[in-house]
Amino acid sequence: MTMIAISGVLLMAAAALAALRIPAAPGIAVSIAVGLLAMVAVHAHTTLRGKFAVWAGILSGLGLKGNERVLDLGCGRGAVLLAVAKLLPSGRAVGVDIWSTSDQSGNSAEATERNAKAEGVADRVEVRSGDVRALPFPEASFDLVVSSMAIHNIRERDGRKSALDEAIRVLQEGGRLAIVDFMVVDEYVEHLRLRGMQDVELRPLGWRFWYGGPWLGASLVRATRPAL
Ligand SMILES: C[S@@+](CC[C@H](N)C(=O)[O-])C[C@H]1O[C@@H](n2cnc3c(N)ncnc32)[C@H](O)[C@@H]1O
């Protein structure tokens, strides 16, 4: 939506320059078109390849043993859920979602289950319907909680804080949290530190996770639940 809005404003500006017969108008219009095409190309790369490659690096950096219980908050059709499931031959990957089709097209529990079968990991994947602000799991149920581009969809700041509190609640002591998101990640870092999480760090993920440009770049937030 942001890209469409920026495109509209820039094209209106180019049309106004052309209408005023300003000599530089064609050059400006070409520059705008090239810029917009570059934004579209970067966006397409992120959604089709970049986010998968970046998450593969994040997951391999976690050094999983293969028997962990992992929860994916807002798993959607399973991009991260299935990638982590492949690293868990004797573990379990659980995805929870409200299946909003405005946040992801074709979003449904059935679609994610079909994808799990197609990727050969259905035996270790469980898909649940639920809101990340009130998770349907007992305390300390997971060794790792991941989430990709999901929590920012909760509009109210208090709702996003509840999602983080729930992630902490379902993590066992020493369990880890890895969230990729944009726009509101500083807020996550502040809240996780306030809640006593350890080793809280924020790392921008670079151009392979840009949604059109650096102004919509995703970052990784990592933290560990302290052992008592
Ligand atoms: C942009 S999609 C990302 C999906 C997936 N994580 C991925 O990276 O492909 C955001 C997902 O968050 C889910 N979502 C949004 N708000 C949620 C909430 N309050 N509880 C659970 N899931 C939510 C949406 O239904 C959607 O599947």
# chains A, B, ... in the order shown; residues from 1 in each chain; ligands from 1
>>> residues_around(residues="range 117-128 of chain A", least_positions_apart="3", cutoff="6 Å", atoms="only C-alpha atoms", output="list in words")
Arg92, Ala93, Val94, Gly95, Val96 and Arg114 of chain A
>>> closest_atom_pairs(of="chain A", to="ligand 1", cutoff="7 Å", atoms="only C-alpha atoms and all ligand atoms", output="tab-separated table")
residue	atom	partner	partner_atom_place_in_ligand_line	distance
A:Leu73	CA	ligand 1	22 (N)	6.3
A:Gly74	CA	ligand 1	22 (N)	3.8
A:Cys75	CA	ligand 1	6 (N)	4.1
A:Gly76	CA	ligand 1	27 (O)	3.3
A:Arg77	CA	ligand 1	9 (O)	6.1
A:Gly78	CA	ligand 1	5 (C)	6.0
A:Ala79	CA	ligand 1	9 (O)	4.8
A:Val80	CA	ligand 1	8 (O)	6.1
A:Val96	CA	ligand 1	21 (C)	6.2
A:Asp97	CA	ligand 1	22 (N)	3.7
A:Ile98	CA	ligand 1	22 (N)	4.5
A:Trp99	CA	ligand 1	25 (O)	3.9
A:Ser100	CA	ligand 1	25 (O)	3.7
A:Thr101	CA	ligand 1	25 (O)	6.5
A:Asp103	CA	ligand 1	1 (C)	4.9
A:Gln104	CA	ligand 1	2 (S)	4.9
A:Asn107	CA	ligand 1	27 (O)	6.2
A:Gly130	CA	ligand 1	21 (C)	5.9
A:Asp131	CA	ligand 1	20 (N)	3.5
A:Val132	CA	ligand 1	20 (N)	4.1
A:Arg133	CA	ligand 1	19 (N)	6.0
A:Ser147	CA	ligand 1	6 (N)	6.0
A:Ser148	CA	ligand 1	6 (N)	4.2
A:Met149	CA	ligand 1	3 (C)	5.0
A:Ala150	CA	ligand 1	12 (O)	3.8
A:Ile151	CA	ligand 1	16 (N)	6.2
A:Asn153	CA	ligand 1	15 (C)	5.1
A:Ile154	CA	ligand 1	16 (N)	5.5
>>> residues_around(residues="range 181-192 of chain A", least_positions_apart="5", cutoff="9 Å", atoms="only C-alpha atoms", output="list in words")
Ser147, Ser148, Met149, Ala150, Ile151, His152, Arg157, Arg160, Lys161, Leu164, Asp165, Ile168, Met197, Gln198, Val200, Glu201, Leu202, Trp215, Leu216, Gly217, Ala218, Ser219, Leu220, Val221, Arg222 and Ala223 of chain A
>>> write_last_selection(atoms="N, CA and C atoms", output="PDB file, in the first residue's frame")
ATOM      1  N   SER A 147       8.735 -15.806  14.992  1.00  0.00           N
ATOM      2  CA  SER A 147       7.617 -15.087  14.387  1.00  0.00           C
ATOM      3  C   SER A 147       8.158 -14.244  13.246  1.00  0.00           C
ATOM      4  N   SER A 148       7.456 -14.233  12.117  1.00  0.00           N
ATOM      5  CA  SER A 148       7.931 -13.473  10.963  1.00  0.00           C
ATOM      6  C   SER A 148       6.834 -12.562  10.428  1.00  0.00           C
ATOM      7  N   MET A 149       7.050 -11.296  10.519  1.00  0.00           N
ATOM      8  CA  MET A 149       6.186 -10.268   9.916  1.00  0.00           C
ATOM      9  C   MET A 149       4.722 -10.418  10.347  1.00  0.00           C
ATOM     10  N   ALA A 150       4.507 -10.767  11.601  1.00  0.00           N
ATOM     11  CA  ALA A 150       3.139 -11.009  12.068  1.00  0.00           C
ATOM     12  C   ALA A 150       2.692 -10.016  13.141  1.00  0.00           C
ATOM     13  N   ILE A 151       3.547  -9.745  14.126  1.00  0.00           N
ATOM     14  CA  ILE A 151       3.064  -9.006  15.309  1.00  0.00           C
ATOM     15  C   ILE A 151       2.723  -7.543  14.979  1.00  0.00           C
ATOM     16  N   HIS A 152       3.404  -6.970  13.974  1.00  0.00           N
ATOM     17  CA  HIS A 152       3.082  -5.568  13.630  1.00  0.00           C
ATOM     18  C   HIS A 152       1.638  -5.439  13.127  1.00  0.00           C
ATOM     19  N   ARG A 157      -0.696  -0.869  20.490  1.00  0.00           N
ATOM     20  CA  ARG A 157       0.576  -1.149  21.149  1.00  0.00           C
ATOM     21  C   ARG A 157       0.385  -2.154  22.292  1.00  0.00           C
ATOM     22  N   ARG A 160       0.275  -5.618  20.975  1.00  0.00           N
ATOM     23  CA  ARG A 160       1.607  -6.146  20.607  1.00  0.00           C
ATOM     24  C   ARG A 160       2.379  -6.550  21.869  1.00  0.00           C
ATOM     25  N   LYS A 161       2.220  -5.750  22.933  1.00  0.00           N
ATOM     26  CA  LYS A 161       2.881  -6.113  24.204  1.00  0.00           C
ATOM     27  C   LYS A 161       2.313  -7.421  24.745  1.00  0.00           C
ATOM     28  N   LEU A 164       3.935 -10.292  23.020  1.00  0.00           N
ATOM     29  CA  LEU A 164       5.285 -10.570  23.537  1.00  0.00           C
ATOM     30  C   LEU A 164       5.203 -11.248  24.901  1.00  0.00           C
ATOM     31  N   ASP A 165       4.282 -10.783  25.748  1.00  0.00           N
ATOM     32  CA  ASP A 165       4.125 -11.402  27.077  1.00  0.00           C
ATOM     33  C   ASP A 165       3.731 -12.873  26.946  1.00  0.00           C
ATOM     34  N   ILE A 168       6.699 -14.953  25.950  1.00  0.00           N
ATOM     35  CA  ILE A 168       7.564 -15.215  27.118  1.00  0.00           C
ATOM     36  C   ILE A 168       6.935 -16.304  27.996  1.00  0.00           C
ATOM     37  N   MET A 197      13.842 -10.165  29.997  1.00  0.00           N
ATOM     38  CA  MET A 197      14.468 -11.114  29.059  1.00  0.00           C
ATOM     39  C   MET A 197      15.959 -10.796  28.941  1.00  0.00           C
ATOM     40  N   GLN A 198      16.753 -11.843  28.687  1.00  0.00           N
ATOM     41  CA  GLN A 198      18.217 -11.673  28.622  1.00  0.00           C
ATOM     42  C   GLN A 198      18.703 -11.634  27.175  1.00  0.00           C
ATOM     43  N   VAL A 200      18.925  -9.451  24.924  1.00  0.00           N
ATOM     44  CA  VAL A 200      18.004  -8.885  23.925  1.00  0.00           C
ATOM     45  C   VAL A 200      18.829  -8.118  22.898  1.00  0.00           C
ATOM     46  N   GLU A 201      18.684  -8.503  21.634  1.00  0.00           N
ATOM     47  CA  GLU A 201      19.441  -7.789  20.601  1.00  0.00           C
ATOM     48  C   GLU A 201      18.586  -7.545  19.368  1.00  0.00           C
ATOM     49  N   LEU A 202      18.951  -6.467  18.673  1.00  0.00           N
ATOM     50  CA  LEU A 202      18.212  -6.050  17.470  1.00  0.00           C
ATOM     51  C   LEU A 202      19.214  -5.983  16.326  1.00  0.00           C
ATOM     52  N   TRP A 215      13.458   1.868   3.847  1.00  0.00           N
ATOM     53  CA  TRP A 215      12.480   2.438   4.787  1.00  0.00           C
ATOM     54  C   TRP A 215      11.474   1.381   5.246  1.00  0.00           C
ATOM     55  N   LEU A 216      11.409   0.254   4.552  1.00  0.00           N
ATOM     56  CA  LEU A 216      10.545  -0.858   4.992  1.00  0.00           C
ATOM     57  C   LEU A 216      11.392  -2.125   5.117  1.00  0.00           C
ATOM     58  N   GLY A 217      12.519  -1.991   5.810  1.00  0.00           N
ATOM     59  CA  GLY A 217      13.420  -3.129   6.004  1.00  0.00           C
ATOM     60  C   GLY A 217      13.104  -3.833   7.320  1.00  0.00           C
ATOM     61  N   ALA A 218      13.224  -5.161   7.307  1.00  0.00           N
ATOM     62  CA  ALA A 218      12.925  -5.935   8.518  1.00  0.00           C
ATOM     63  C   ALA A 218      14.180  -6.113   9.372  1.00  0.00           C
ATOM     64  N   SER A 219      13.954  -6.294  10.666  1.00  0.00           N
ATOM     65  CA  SER A 219      15.053  -6.553  11.608  1.00  0.00           C
ATOM     66  C   SER A 219      14.728  -7.799  12.425  1.00  0.00           C
ATOM     67  N   LEU A 220      15.797  -8.394  12.960  1.00  0.00           N
ATOM     68  CA  LEU A 220      15.636  -9.557  13.842  1.00  0.00           C
ATOM     69  C   LEU A 220      15.759  -9.096  15.293  1.00  0.00           C
ATOM     70  N   VAL A 221      14.793  -9.502  16.109  1.00  0.00           N
ATOM     71  CA  VAL A 221      14.875  -9.270  17.554  1.00  0.00           C
ATOM     72  C   VAL A 221      15.078 -10.627  18.207  1.00  0.00           C
ATOM     73  N   ARG A 222      16.175 -10.770  18.936  1.00  0.00           N
ATOM     74  CA  ARG A 222      16.441 -12.038  19.630  1.00  0.00           C
ATOM     75  C   ARG A 222      16.487 -11.810  21.124  1.00  0.00           C
ATOM     76  N   ALA A 223      16.063 -12.808  21.886  1.00  0.00           N
ATOM     77  CA  ALA A 223      16.106 -12.704  23.346  1.00  0.00           C
ATOM     78  C   ALA A 223      16.039 -14.104  23.939  1.00  0.00           C
TER      79      ALA A 223
END
>>> residues_around(residues="Phe142 in chain A", least_positions_apart="2", cutoff="7 Å", atoms="only C-alpha atoms", output="list of chain:residue names")
A:Arg69, A:Val70, A:Leu71, A:Ala140, A:Leu144, A:Val145, A:Val170, A:Leu171, A:Gln172
>>> atom_distance(atom1="CA of Ser60 in chain A", atom2="CA of Arg208 in chain A")
17.0 Å
>>> atom_distance(atom1="CA of Ala109 in chain A", atom2="CA of Ser129 in chain A")
7.4 Å
